[in-house]
>>> print(open('upload25.txt').read())   # compact mmCIF, C-alpha atoms
# COMPACT_ATOMS: atom_id res chain seq x y z
CA MET S 1 -8.21 -4.38 29.52
CA SER S 2 -10.60 -4.39 26.58
CA LYS S 3 -9.41 -4.17 23.00
CA LYS S 4 -9.81 -0.59 21.73
CA ILE S 5 -10.97 -0.49 18.11
CA LEU S 6 -11.47 2.80 16.28
CA THR S 7 -13.93 2.65 13.39
CA THR S 8 -14.06 5.25 10.64
CA PRO S 9 -15.39 7.84 10.45
CA ILE S 10 -13.53 8.78 13.63
CA GLN S 11 -15.06 11.54 15.74
CA ASN S 12 -13.23 13.88 18.16
CA LYS S 13 -14.96 12.18 21.11
CA ASP S 14 -13.51 8.81 20.01
CA LEU S 15 -10.00 10.15 20.67
CA GLU S 16 -10.54 11.98 23.99
CA ASP S 17 -9.57 9.11 26.29
CA ILE S 18 -6.72 7.76 24.17
CA ARG S 19 -3.24 8.47 25.52
CA ILE S 20 0.30 7.88 24.36
CA GLY S 21 1.34 4.29 24.91
CA ASP S 22 -2.19 2.93 24.38
CA ILE S 23 -2.61 0.13 21.87
CA ILE S 24 -5.48 0.45 19.44
CA TYR S 25 -6.78 -1.15 16.25
CA LEU S 26 -8.52 0.35 13.21
CA SER S 27 -11.53 -0.89 11.27
CA GLY S 28 -12.89 0.84 8.19
CA PHE S 29 -11.17 3.22 5.79
CA LEU S 30 -7.38 3.41 5.43
CA CYS S 31 -5.48 5.26 2.70
CA THR S 32 -1.75 5.24 2.10
CA ALA S 33 -0.24 8.74 1.89
CA ARG S 34 3.51 9.24 1.71
CA ASP S 35 5.89 12.02 0.68
CA CYS S 36 4.39 12.73 -2.75
CA ALA S 37 0.80 13.01 -1.48
CA HIS S 38 1.93 15.46 1.21
CA THR S 39 3.99 17.45 -1.31
CA ARG S 40 1.19 17.62 -3.87
CA LEU S 41 -1.30 18.88 -1.29
CA ILE S 42 0.87 21.33 0.67
CA LYS S 43 3.57 22.55 -1.73
CA GLN S 44 1.69 22.26 -5.01
CA GLY S 45 -1.79 23.09 -3.72
CA ARG S 46 -3.41 20.10 -5.45
CA ARG S 47 -6.57 18.71 -3.92
CA LEU S 48 -6.42 15.09 -2.86
CA PRO S 49 -8.69 12.83 -4.93
CA VAL S 50 -9.73 11.07 -1.71
CA ASP S 51 -11.80 12.47 1.17
CA LEU S 52 -9.82 11.90 4.38
CA ALA S 53 -12.12 13.70 6.84
CA GLY S 54 -12.60 11.48 9.89
CA ARG S 55 -10.44 8.80 8.34
CA ALA S 56 -6.96 7.30 8.61
CA ILE S 57 -3.77 7.45 6.56
CA PHE S 58 -0.81 5.10 6.57
CA HIS S 59 2.70 6.29 5.78
CA ALA S 60 3.42 3.15 3.76
CA GLY S 61 4.42 1.92 0.33
CA PRO S 62 2.56 -1.35 -0.22
CA ILE S 63 3.38 -4.17 -2.59
CA MET S 64 0.28 -4.84 -4.66
CA VAL S 65 -0.56 -7.50 -7.23
CA PRO S 66 -3.38 -7.52 -9.76
CA CYS S 67 -6.30 -9.77 -8.92
CA GLY S 68 -9.68 -10.53 -10.45
CA ASN S 69 -11.95 -8.92 -7.85
CA ALA S 70 -14.83 -7.34 -9.71
CA SER S 71 -15.97 -4.97 -6.96
CA GLY S 72 -12.68 -3.35 -5.94
CA SER S 73 -9.65 -1.81 -7.56
CA GLY S 74 -8.42 -5.02 -9.18
CA TYR S 75 -5.50 -5.26 -6.72
CA LYS S 76 -4.71 -7.09 -3.53
CA VAL S 77 -2.07 -6.36 -0.91
CA VAL S 78 0.92 -8.68 -0.60
CA SER S 79 2.79 -6.63 1.98
CA ILE S 80 2.27 -3.21 3.55
CA GLY S 81 4.85 -2.03 6.04
CA PRO S 82 5.23 1.45 7.51
CA THR S 83 7.68 4.03 6.24
CA THR S 84 9.41 6.63 8.40
CA SER S 85 6.82 9.20 9.46
CA MET S 86 9.37 11.90 10.28
CA ARG S 87 9.82 12.48 6.54
CA MET S 88 6.32 14.02 6.52
CA GLU S 89 6.89 16.16 9.65
CA LYS S 90 7.31 19.47 7.80
CA PHE S 91 3.91 19.02 6.12
CA GLU S 92 1.87 17.07 8.66
CA LYS S 93 0.24 19.93 10.60
CA GLN S 94 -1.06 21.53 7.40
CA PHE S 95 -2.01 18.10 6.04
CA ILE S 96 -4.13 17.42 9.13
CA GLU S 97 -5.72 20.89 8.96
CA GLN S 98 -6.54 20.66 5.26
CA THR S 99 -7.80 17.06 5.15
CA GLY S 100 -9.48 16.48 8.52
CA VAL S 101 -7.63 13.16 8.89
CA LYS S 102 -7.97 11.77 12.43
CA LEU S 103 -5.47 8.91 12.53
CA ILE S 104 -1.95 8.91 11.09
CA ILE S 105 -0.02 5.64 11.11
CA GLY S 106 3.65 5.19 10.35
CA LYS S 107 7.05 4.16 11.66
CA GLY S 108 8.96 6.05 14.33
CA GLY S 109 8.06 9.28 15.99
CA MET S 110 7.08 12.69 14.72
CA GLY S 111 7.90 16.15 16.03
CA PRO S 112 6.36 19.37 17.33
CA ASN S 113 4.67 20.29 14.03
CA THR S 114 2.63 17.10 14.11
CA VAL S 115 1.93 17.44 17.84
CA ALA S 116 0.54 20.94 17.19
CA GLY S 117 -1.68 19.63 14.39
CA CYS S 118 -2.94 16.73 16.50
CA VAL S 119 -3.83 19.02 19.41
CA ALA S 120 -5.47 21.73 17.28
CA CYS S 121 -7.46 19.36 15.06
CA LYS S 122 -7.97 16.43 17.45
CA ALA S 123 -5.98 13.74 15.65
CA ILE S 124 -3.48 11.10 16.74
CA HIS S 125 -0.31 9.51 15.38
CA CYS S 126 0.33 5.80 15.89
CA VAL S 127 3.22 3.50 15.19
CA PHE S 128 2.72 0.21 13.39
CA PRO S 129 5.46 -2.27 14.39
CA GLY S 130 8.21 -2.60 11.79
CA GLY S 131 8.78 -6.06 10.31
CA CYS S 132 5.06 -6.93 10.38
CA ALA S 133 4.14 -5.97 6.80
CA VAL S 134 2.63 -9.35 5.97
CA LEU S 135 0.53 -9.24 9.16
CA ALA S 136 -0.74 -5.81 8.09
CA ALA S 137 -1.70 -7.19 4.67
CA HIS S 138 -3.88 -9.82 6.35
CA CYS S 139 -5.90 -7.04 8.01
CA VAL S 140 -6.85 -5.57 4.61
CA GLU S 141 -10.28 -6.80 3.57
CA GLU S 142 -10.29 -5.07 0.20
CA VAL S 143 -8.32 -2.59 -1.88
CA GLU S 144 -11.17 -0.34 -3.01
CA ASP S 145 -9.35 2.19 -5.19
CA VAL S 146 -6.02 3.56 -6.32
CA GLN S 147 -5.44 7.24 -7.05
CA TRP S 148 -2.43 9.00 -8.55
CA PRO S 149 -0.96 5.82 -10.07
CA ASP S 150 1.42 8.08 -12.01
CA LEU S 151 3.44 8.31 -8.77
CA GLY S 152 4.29 4.60 -8.87
CA MET S 153 3.19 1.80 -6.58
CA PRO S 154 4.73 3.02 -3.29
CA GLU S 155 3.58 6.65 -3.62
CA SER S 156 0.08 6.10 -5.04
CA LEU S 157 -2.92 6.64 -2.78
CA TRP S 158 -4.20 3.14 -2.07
CA VAL S 159 -7.69 3.19 -0.56
CA MET S 160 -8.41 0.12 1.54
CA ARG S 161 -11.00 -1.28 3.89
CA VAL S 162 -9.37 -2.87 6.95
CA LYS S 163 -10.54 -4.90 9.91
CA GLU S 164 -8.79 -4.65 13.28
CA PHE S 165 -5.68 -3.24 11.62
CA GLY S 166 -2.92 -3.20 14.18
CA PRO S 167 -1.57 -3.30 16.78
CA LEU S 168 -1.08 0.47 16.66
CA ILE S 169 0.89 2.14 19.45
CA VAL S 170 -0.27 5.69 20.12
CA SER S 171 2.77 7.97 19.89
CA ILE S 172 1.03 11.39 19.76
CA ASP S 173 -2.34 12.04 21.38
CA THR S 174 -4.85 14.90 21.23
CA HIS S 175 -3.52 16.30 24.52
CA GLY S 176 0.02 17.02 23.27
CA GLY S 177 1.65 13.86 24.55
CA ASN S 178 4.55 12.56 22.45
CA LEU S 179 5.74 9.07 23.41
CA PHE S 180 9.08 9.32 21.59
CA GLU S 181 9.96 12.67 23.17
CA GLN S 182 8.88 11.39 26.58
CA ASN S 183 11.09 8.32 26.19
CA LYS S 184 14.08 10.48 25.20
CA LYS S 185 13.83 12.26 28.56
>>> encode(input="upload25.txt", output="structure tokens")
Amino acid sequence: MSKKILTTPIQNKDLEDIRIGDIIYLSGFLCTARDCAHTRLIKQGRRLPVDLAGRAIFHAGPIMVPCGNASGSGYKVVSIGPTTSMRMEKFEKQFIEQTGVKLIIGKGGMGPNTVAGCVACKAIHCVFPGGCAVLAAHCVEEVEDVQWPDLGMPESLWVMRVKEFGPLIVSIDTHGGNLFEQNKK
């Protein structure tokens, strides 16, 4: 089996053959987006300061340290582990619709709201293995930007460029498959 790598910007056709249980990797753009980003966009109606169309988000609160890189944000990632995706379930369908995001990464499963958003807008949800936060940090080539720093380090939008970020286990596909619900049965 060949290694499946999605590269941003992700197109609908890139996701057609991907099914729940597949293992993929991401190269290109990745932005953290947790509870506060979802709340600001959906409940407060604030536009995100980052274009997510065709791109990927990570439900994660990274640990960052200042560094002297002149071209990027001035930060580097020490550790970036997933946070529980289900916390964003009530907002995820609208988040997908409003942003055009194609890949959502987090910990654990998500529910019917996210499945509906993934089917309607051709997006997928993937799980990054817990306990591998340092491995994830090694896949980050550069922290390009930070937005909404007023939210604090874990809730800020950290814009990164990654290479073969993963492994990512597909838990929701564009066809309505939900790995966690399937496994419950």
>>> residues_near_point(input="upload25.txt", point="(-3.0, -2.0, 22.7)", cutoff="9 Å", atoms="only C-alpha atoms", output="list in words")
Met1, Ser2, Lys3, Lys4, Gly21, Asp22, Ile23, Ile24, Tyr25, Gly166, Pro167, Leu168, Ile169 and Val170 of chain S
>>> atom_distance(input="upload25.txt", atom1="atom CA of S:Lys90", atom2="atom CA of S:Ile172")
15.7 Å
>>> closest_atom_pairs(input="upload25.txt", of="stretch 90-179 of chain S", to="stretch 50-65 of chain S", cutoff="9 Å", atoms="only C-alpha atoms", output="Markdown table")
| residue | atom | partner | partner_atom | distance |
| --- | --- | --- | --- | --- |
| S:Thr99 | CA | S:Leu52 | CA | 5.6 |
| S:Gly100 | CA | S:Ala53 | CA | 4.2 |
| S:Val101 | CA | S:Ala53 | CA | 5.0 |
| S:Lys102 | CA | S:Gly54 | CA | 5.3 |
| S:Leu103 | CA | S:Ala56 | CA | 4.5 |
| S:Ile104 | CA | S:Ile57 | CA | 5.1 |
| S:Ile105 | CA | S:Phe58 | CA | 4.6 |
| S:Gly106 | CA | S:His59 | CA | 4.8 |
| S:Lys107 | CA | S:His59 | CA | 7.6 |
| S:Ala133 | CA | S:Pro62 | CA | 8.6 |
| S:Ala137 | CA | S:Pro62 | CA | 8.7 |
| S:Gln147 | CA | S:Val50 | CA | 7.8 |
| S:Met153 | CA | S:Gly61 | CA | 7.0 |
| S:Pro154 | CA | S:Gly61 | CA | 3.8 |
| S:Glu155 | CA | S:Gly61 | CA | 6.2 |
| S:Ser156 | CA | S:Gly61 | CA | 8.1 |
| S:Leu157 | CA | S:Val50 | CA | 8.2 |
| S:Trp158 | CA | S:Pro62 | CA | 8.3 |
| S:Val159 | CA | S:Val50 | CA | 8.2 |
>>> closest_residue(input="upload25.txt", among="S:Lys185, S:Lys122, S:Lys13, S:Lys163", to="S:Leu30", atoms="all atoms listed in the file")
S:Lys163
>>> closest_residue(input="upload25.txt", among="S:Asn178, S:Phe29, S:Ser79, S:Met160", to="S:Gly108", atoms="all atoms listed in the file")
S:Asn178
>>> residues_around(input="upload25.txt", residues="S:Gln98", least_positions_apart="3", cutoff="9 Å", atoms="all atoms listed in the file", output="tab-separated table (two decimals) with C-alpha atoms, keeping the file's coordinate frame")
chain	number	residue	atom	x	y	z
S	41	LEU	CA	-1.30	18.88	-1.29
S	42	ILE	CA	0.87	21.33	0.67
S	93	LYS	CA	0.24	19.93	10.60
S	94	GLN	CA	-1.06	21.53	7.40
S	95	PHE	CA	-2.01	18.10	6.04
S	101	VAL	CA	-7.63	13.16	8.89
>>> closest_residue(input="upload25.txt", among="S:Ser27, S:Ser171, S:Asn183, S:Thr7", to="S:Cys118", atoms="all atoms listed in the file")
S:Ser171
>>> residues_near_point(input="upload25.txt", point="(-2.9, 18.0, 17.9)", cutoff="9 Å", atoms="all atoms listed in the file", output="PyMOL selection string")
chain S and resi 93+96+113-124+172-176
>>> atom_distance(input="upload25.txt", atom1="atom CA of S:Asp145", atom2="atom CA of S:Ser73")
4.7 Å
>>> atom_distance(input="upload25.txt", atom1="atom CA of S:Asp14", atom2="atom CA of S:Ala37")
26.2 Å
>>> closest_residue(input="upload25.txt", among="S:Leu135, S:Trp148, S:Asn12, S:Pro49", to="S:Ile80", atoms="all atoms listed in the file")
S:Leu135
>>> closest_residue(input="upload25.txt", among="S:Leu26, S:Leu151, S:Leu48, S:Met86", to="S:Cys139", atoms="all atoms listed in the file")
S:Leu26
>>> residues_around(input="upload25.txt", residues="S:Pro66", least_positions_apart="6", cutoff="7 Å", atoms="all atoms listed in the file", output="list of chain:residue names")
S:Gly74, S:Tyr75, S:Lys76
>>> decode(input="upload25.txt", residues="stretch 3-48 of chain S", atoms="N, CA and C atoms", output="PDB file, in the first residue's frame")
ATOM      1  N   LYS S   3       1.863   5.249   0.530  1.00  0.00           N
ATOM      2  CA  LYS S   3       1.605   6.250   1.557  1.00  0.00           C
ATOM      3  C   LYS S   3       0.761   7.359   0.954  1.00  0.00           C
ATOM      4  N   LYS S   4      -0.405   7.625   1.536  1.00  0.00           N
ATOM      5  CA  LYS S   4      -1.317   8.650   1.027  1.00  0.00           C
ATOM      6  C   LYS S   4      -1.007   9.978   1.715  1.00  0.00           C
ATOM      7  N   ILE S   5      -0.570  10.956   0.924  1.00  0.00           N
ATOM      8  CA  ILE S   5      -0.251  12.284   1.451  1.00  0.00           C
ATOM      9  C   ILE S   5      -1.175  13.300   0.793  1.00  0.00           C
ATOM     10  N   LEU S   6      -1.942  14.014   1.611  1.00  0.00           N
ATOM     11  CA  LEU S   6      -2.752  15.131   1.116  1.00  0.00           C
ATOM     12  C   LEU S   6      -1.912  16.391   1.208  1.00  0.00           C
ATOM     13  N   THR S   7      -1.963  17.198   0.157  1.00  0.00           N
ATOM     14  CA  THR S   7      -1.233  18.462   0.137  1.00  0.00           C
ATOM     15  C   THR S   7      -2.229  19.589  -0.055  1.00  0.00           C
ATOM     16  N   THR S   8      -2.095  20.628   0.767  1.00  0.00           N
ATOM     17  CA  THR S   8      -2.994  21.776   0.644  1.00  0.00           C
ATOM     18  C   THR S   8      -2.565  22.617  -0.544  1.00  0.00           C
ATOM     19  N   PRO S   9      -3.503  23.256  -1.225  1.00  0.00           N
ATOM     20  CA  PRO S   9      -4.945  23.223  -0.968  1.00  0.00           C
ATOM     21  C   PRO S   9      -5.559  21.889  -1.402  1.00  0.00           C
ATOM     22  N   ILE S  10      -6.421  21.367  -0.558  1.00  0.00           N
ATOM     23  CA  ILE S  10      -7.083  20.087  -0.796  1.00  0.00           C
ATOM     24  C   ILE S  10      -8.331  20.331  -1.641  1.00  0.00           C
ATOM     25  N   GLN S  11      -8.490  19.527  -2.670  1.00  0.00           N
ATOM     26  CA  GLN S  11      -9.648  19.613  -3.559  1.00  0.00           C
ATOM     27  C   GLN S  11     -10.629  18.494  -3.223  1.00  0.00           C
ATOM     28  N   ASN S  12     -11.898  18.654  -3.597  1.00  0.00           N
ATOM     29  CA  ASN S  12     -12.901  17.606  -3.373  1.00  0.00           C
ATOM     30  C   ASN S  12     -12.443  16.260  -3.934  1.00  0.00           C
ATOM     31  N   LYS S  13     -11.870  16.273  -5.140  1.00  0.00           N
ATOM     32  CA  LYS S  13     -11.450  15.035  -5.790  1.00  0.00           C
ATOM     33  C   LYS S  13     -10.362  14.311  -4.999  1.00  0.00           C
ATOM     34  N   ASP S  14      -9.579  15.046  -4.203  1.00  0.00           N
ATOM     35  CA  ASP S  14      -8.529  14.438  -3.392  1.00  0.00           C
ATOM     36  C   ASP S  14      -9.101  13.551  -2.284  1.00  0.00           C
ATOM     37  N   LEU S  15     -10.363  13.789  -1.921  1.00  0.00           N
ATOM     38  CA  LEU S  15     -10.981  13.096  -0.795  1.00  0.00           C
ATOM     39  C   LEU S  15     -11.934  11.981  -1.210  1.00  0.00           C
ATOM     40  N   GLU S  16     -12.239  11.883  -2.496  1.00  0.00           N
ATOM     41  CA  GLU S  16     -13.246  10.930  -2.985  1.00  0.00           C
ATOM     42  C   GLU S  16     -12.968   9.478  -2.617  1.00  0.00           C
ATOM     43  N   ASP S  17     -11.723   9.056  -2.730  1.00  0.00           N
ATOM     44  CA  ASP S  17     -11.379   7.646  -2.511  1.00  0.00           C
ATOM     45  C   ASP S  17     -10.952   7.344  -1.078  1.00  0.00           C
ATOM     46  N   ILE S  18     -10.939   8.342  -0.225  1.00  0.00           N
ATOM     47  CA  ILE S  18     -10.530   8.135   1.163  1.00  0.00           C
ATOM     48  C   ILE S  18     -11.724   7.643   1.967  1.00  0.00           C
ATOM     49  N   ARG S  19     -11.481   6.604   2.770  1.00  0.00           N
ATOM     50  CA  ARG S  19     -12.541   5.993   3.568  1.00  0.00           C
ATOM     51  C   ARG S  19     -12.122   5.926   5.039  1.00  0.00           C
ATOM     52  N   ILE S  20     -13.116   5.773   5.904  1.00  0.00           N
ATOM     53  CA  ILE S  20     -12.811   5.639   7.323  1.00  0.00           C
ATOM     54  C   ILE S  20     -11.855   4.465   7.526  1.00  0.00           C
ATOM     55  N   GLY S  21     -10.925   4.657   8.445  1.00  0.00           N
ATOM     56  CA  GLY S  21      -9.915   3.646   8.716  1.00  0.00           C
ATOM     57  C   GLY S  21      -8.635   3.820   7.917  1.00  0.00           C
ATOM     58  N   ASP S  22      -8.679   4.600   6.826  1.00  0.00           N
ATOM     59  CA  ASP S  22      -7.470   4.867   6.051  1.00  0.00           C
ATOM     60  C   ASP S  22      -6.498   5.691   6.887  1.00  0.00           C
ATOM     61  N   ILE S  23      -5.226   5.538   6.593  1.00  0.00           N
ATOM     62  CA  ILE S  23      -4.192   6.336   7.251  1.00  0.00           C
ATOM     63  C   ILE S  23      -3.595   7.261   6.208  1.00  0.00           C
ATOM     64  N   ILE S  24      -3.587   8.546   6.539  1.00  0.00           N
ATOM     65  CA  ILE S  24      -3.080   9.555   5.619  1.00  0.00           C
ATOM     66  C   ILE S  24      -2.089  10.462   6.348  1.00  0.00           C
ATOM     67  N   TYR S  25      -1.434  11.313   5.562  1.00  0.00           N
ATOM     68  CA  TYR S  25      -0.502  12.308   6.077  1.00  0.00           C
ATOM     69  C   TYR S  25      -0.825  13.635   5.394  1.00  0.00           C
ATOM     70  N   LEU S  26      -0.431  14.723   6.024  1.00  0.00           N
ATOM     71  CA  LEU S  26      -0.695  16.062   5.484  1.00  0.00           C
ATOM     72  C   LEU S  26       0.602  16.810   5.255  1.00  0.00           C
ATOM     73  N   SER S  27       0.705  17.458   4.109  1.00  0.00           N
ATOM     74  CA  SER S  27       1.796  18.397   3.834  1.00  0.00           C
ATOM     75  C   SER S  27       1.176  19.719   3.415  1.00  0.00           C
ATOM     76  N   GLY S  28       1.774  20.801   3.883  1.00  0.00           N
ATOM     77  CA  GLY S  28       1.280  22.134   3.537  1.00  0.00           C
ATOM     78  C   GLY S  28       0.808  22.903   4.747  1.00  0.00           C
ATOM     79  N   PHE S  29      -0.350  23.530   4.605  1.00  0.00           N
ATOM     80  CA  PHE S  29      -0.916  24.451   5.594  1.00  0.00           C
ATOM     81  C   PHE S  29      -1.668  23.697   6.691  1.00  0.00           C
ATOM     82  N   LEU S  30      -1.411  24.069   7.945  1.00  0.00           N
ATOM     83  CA  LEU S  30      -2.161  23.547   9.088  1.00  0.00           C
ATOM     84  C   LEU S  30      -2.327  24.679  10.094  1.00  0.00           C
ATOM     85  N   CYS S  31      -3.545  24.860  10.572  1.00  0.00           N
ATOM     86  CA  CYS S  31      -3.848  25.922  11.536  1.00  0.00           C
ATOM     87  C   CYS S  31      -4.562  25.319  12.747  1.00  0.00           C
ATOM     88  N   THR S  32      -4.113  25.644  13.941  1.00  0.00           N
ATOM     89  CA  THR S  32      -4.834  25.191  15.115  1.00  0.00           C
ATOM     90  C   THR S  32      -6.125  25.988  15.245  1.00  0.00           C
ATOM     91  N   ALA S  33      -7.181  25.325  15.674  1.00  0.00           N
ATOM     92  CA  ALA S  33      -8.485  25.987  15.870  1.00  0.00           C
ATOM     93  C   ALA S  33      -9.262  25.176  16.901  1.00  0.00           C
ATOM     94  N   ARG S  34      -9.366  25.730  18.094  1.00  0.00           N
ATOM     95  CA  ARG S  34     -10.047  25.048  19.186  1.00  0.00           C
ATOM     96  C   ARG S  34     -11.363  25.742  19.512  1.00  0.00           C
ATOM     97  N   ASP S  35     -11.827  25.541  20.730  1.00  0.00           N
ATOM     98  CA  ASP S  35     -13.120  26.045  21.189  1.00  0.00           C
ATOM     99  C   ASP S  35     -13.340  27.529  20.902  1.00  0.00           C
ATOM    100  N   CYS S  36     -12.375  28.370  21.270  1.00  0.00           N
ATOM    101  CA  CYS S  36     -12.566  29.816  21.125  1.00  0.00           C
ATOM    102  C   CYS S  36     -12.695  30.252  19.670  1.00  0.00           C
ATOM    103  N   ALA S  37     -11.919  29.648  18.774  1.00  0.00           N
ATOM    104  CA  ALA S  37     -12.022  29.991  17.346  1.00  0.00           C
ATOM    105  C   ALA S  37     -13.400  29.618  16.817  1.00  0.00           C
ATOM    106  N   HIS S  38     -13.889  28.454  17.210  1.00  0.00           N
ATOM    107  CA  HIS S  38     -15.220  28.019  16.777  1.00  0.00           C
ATOM    108  C   HIS S  38     -16.304  28.943  17.348  1.00  0.00           C
ATOM    109  N   THR S  39     -16.164  29.305  18.607  1.00  0.00           N
ATOM    110  CA  THR S  39     -17.136  30.190  19.258  1.00  0.00           C
ATOM    111  C   THR S  39     -17.134  31.575  18.619  1.00  0.00           C
ATOM    112  N   ARG S  40     -15.953  32.126  18.379  1.00  0.00           N
ATOM    113  CA  ARG S  40     -15.883  33.459  17.773  1.00  0.00           C
ATOM    114  C   ARG S  40     -16.532  33.473  16.391  1.00  0.00           C
ATOM    115  N   LEU S  41     -16.294  32.446  15.598  1.00  0.00           N
ATOM    116  CA  LEU S  41     -16.861  32.417  14.255  1.00  0.00           C
ATOM    117  C   LEU S  41     -18.367  32.172  14.287  1.00  0.00           C
ATOM    118  N   ILE S  42     -18.818  31.151  14.986  1.00  0.00           N
ATOM    119  CA  ILE S  42     -20.222  30.731  14.911  1.00  0.00           C
ATOM    120  C   ILE S  42     -21.120  31.540  15.849  1.00  0.00           C
ATOM    121  N   LYS S  43     -20.776  31.644  17.110  1.00  0.00           N
ATOM    122  CA  LYS S  43     -21.647  32.340  18.069  1.00  0.00           C
ATOM    123  C   LYS S  43     -21.533  33.860  17.984  1.00  0.00           C
ATOM    124  N   GLN S  44     -20.314  34.342  17.776  1.00  0.00           N
ATOM    125  CA  GLN S  44     -20.087  35.787  17.784  1.00  0.00           C
ATOM    126  C   GLN S  44     -20.069  36.395  16.388  1.00  0.00           C
ATOM    127  N   GLY S  45     -20.050  35.571  15.360  1.00  0.00           N
ATOM    128  CA  GLY S  45     -20.079  36.076  13.993  1.00  0.00           C
ATOM    129  C   GLY S  45     -18.826  36.811  13.562  1.00  0.00           C
ATOM    130  N   ARG S  46     -17.709  36.540  14.209  1.00  0.00           N
ATOM    131  CA  ARG S  46     -16.441  37.192  13.842  1.00  0.00           C
ATOM    132  C   ARG S  46     -15.752  36.411  12.734  1.00  0.00           C
ATOM    133  N   ARG S  47     -15.267  37.109  11.746  1.00  0.00           N
ATOM    134  CA  ARG S  47     -14.528  36.461  10.664  1.00  0.00           C
ATOM    135  C   ARG S  47     -13.179  35.975  11.181  1.00  0.00           C
ATOM    136  N   LEU S  48     -12.784  34.810  10.709  1.00  0.00           N
ATOM    137  CA  LEU S  48     -11.456  34.316  11.071  1.00  0.00           C
ATOM    138  C   LEU S  48     -10.401  35.143  10.340  1.00  0.00           C
TER     139      LEU S  48
END
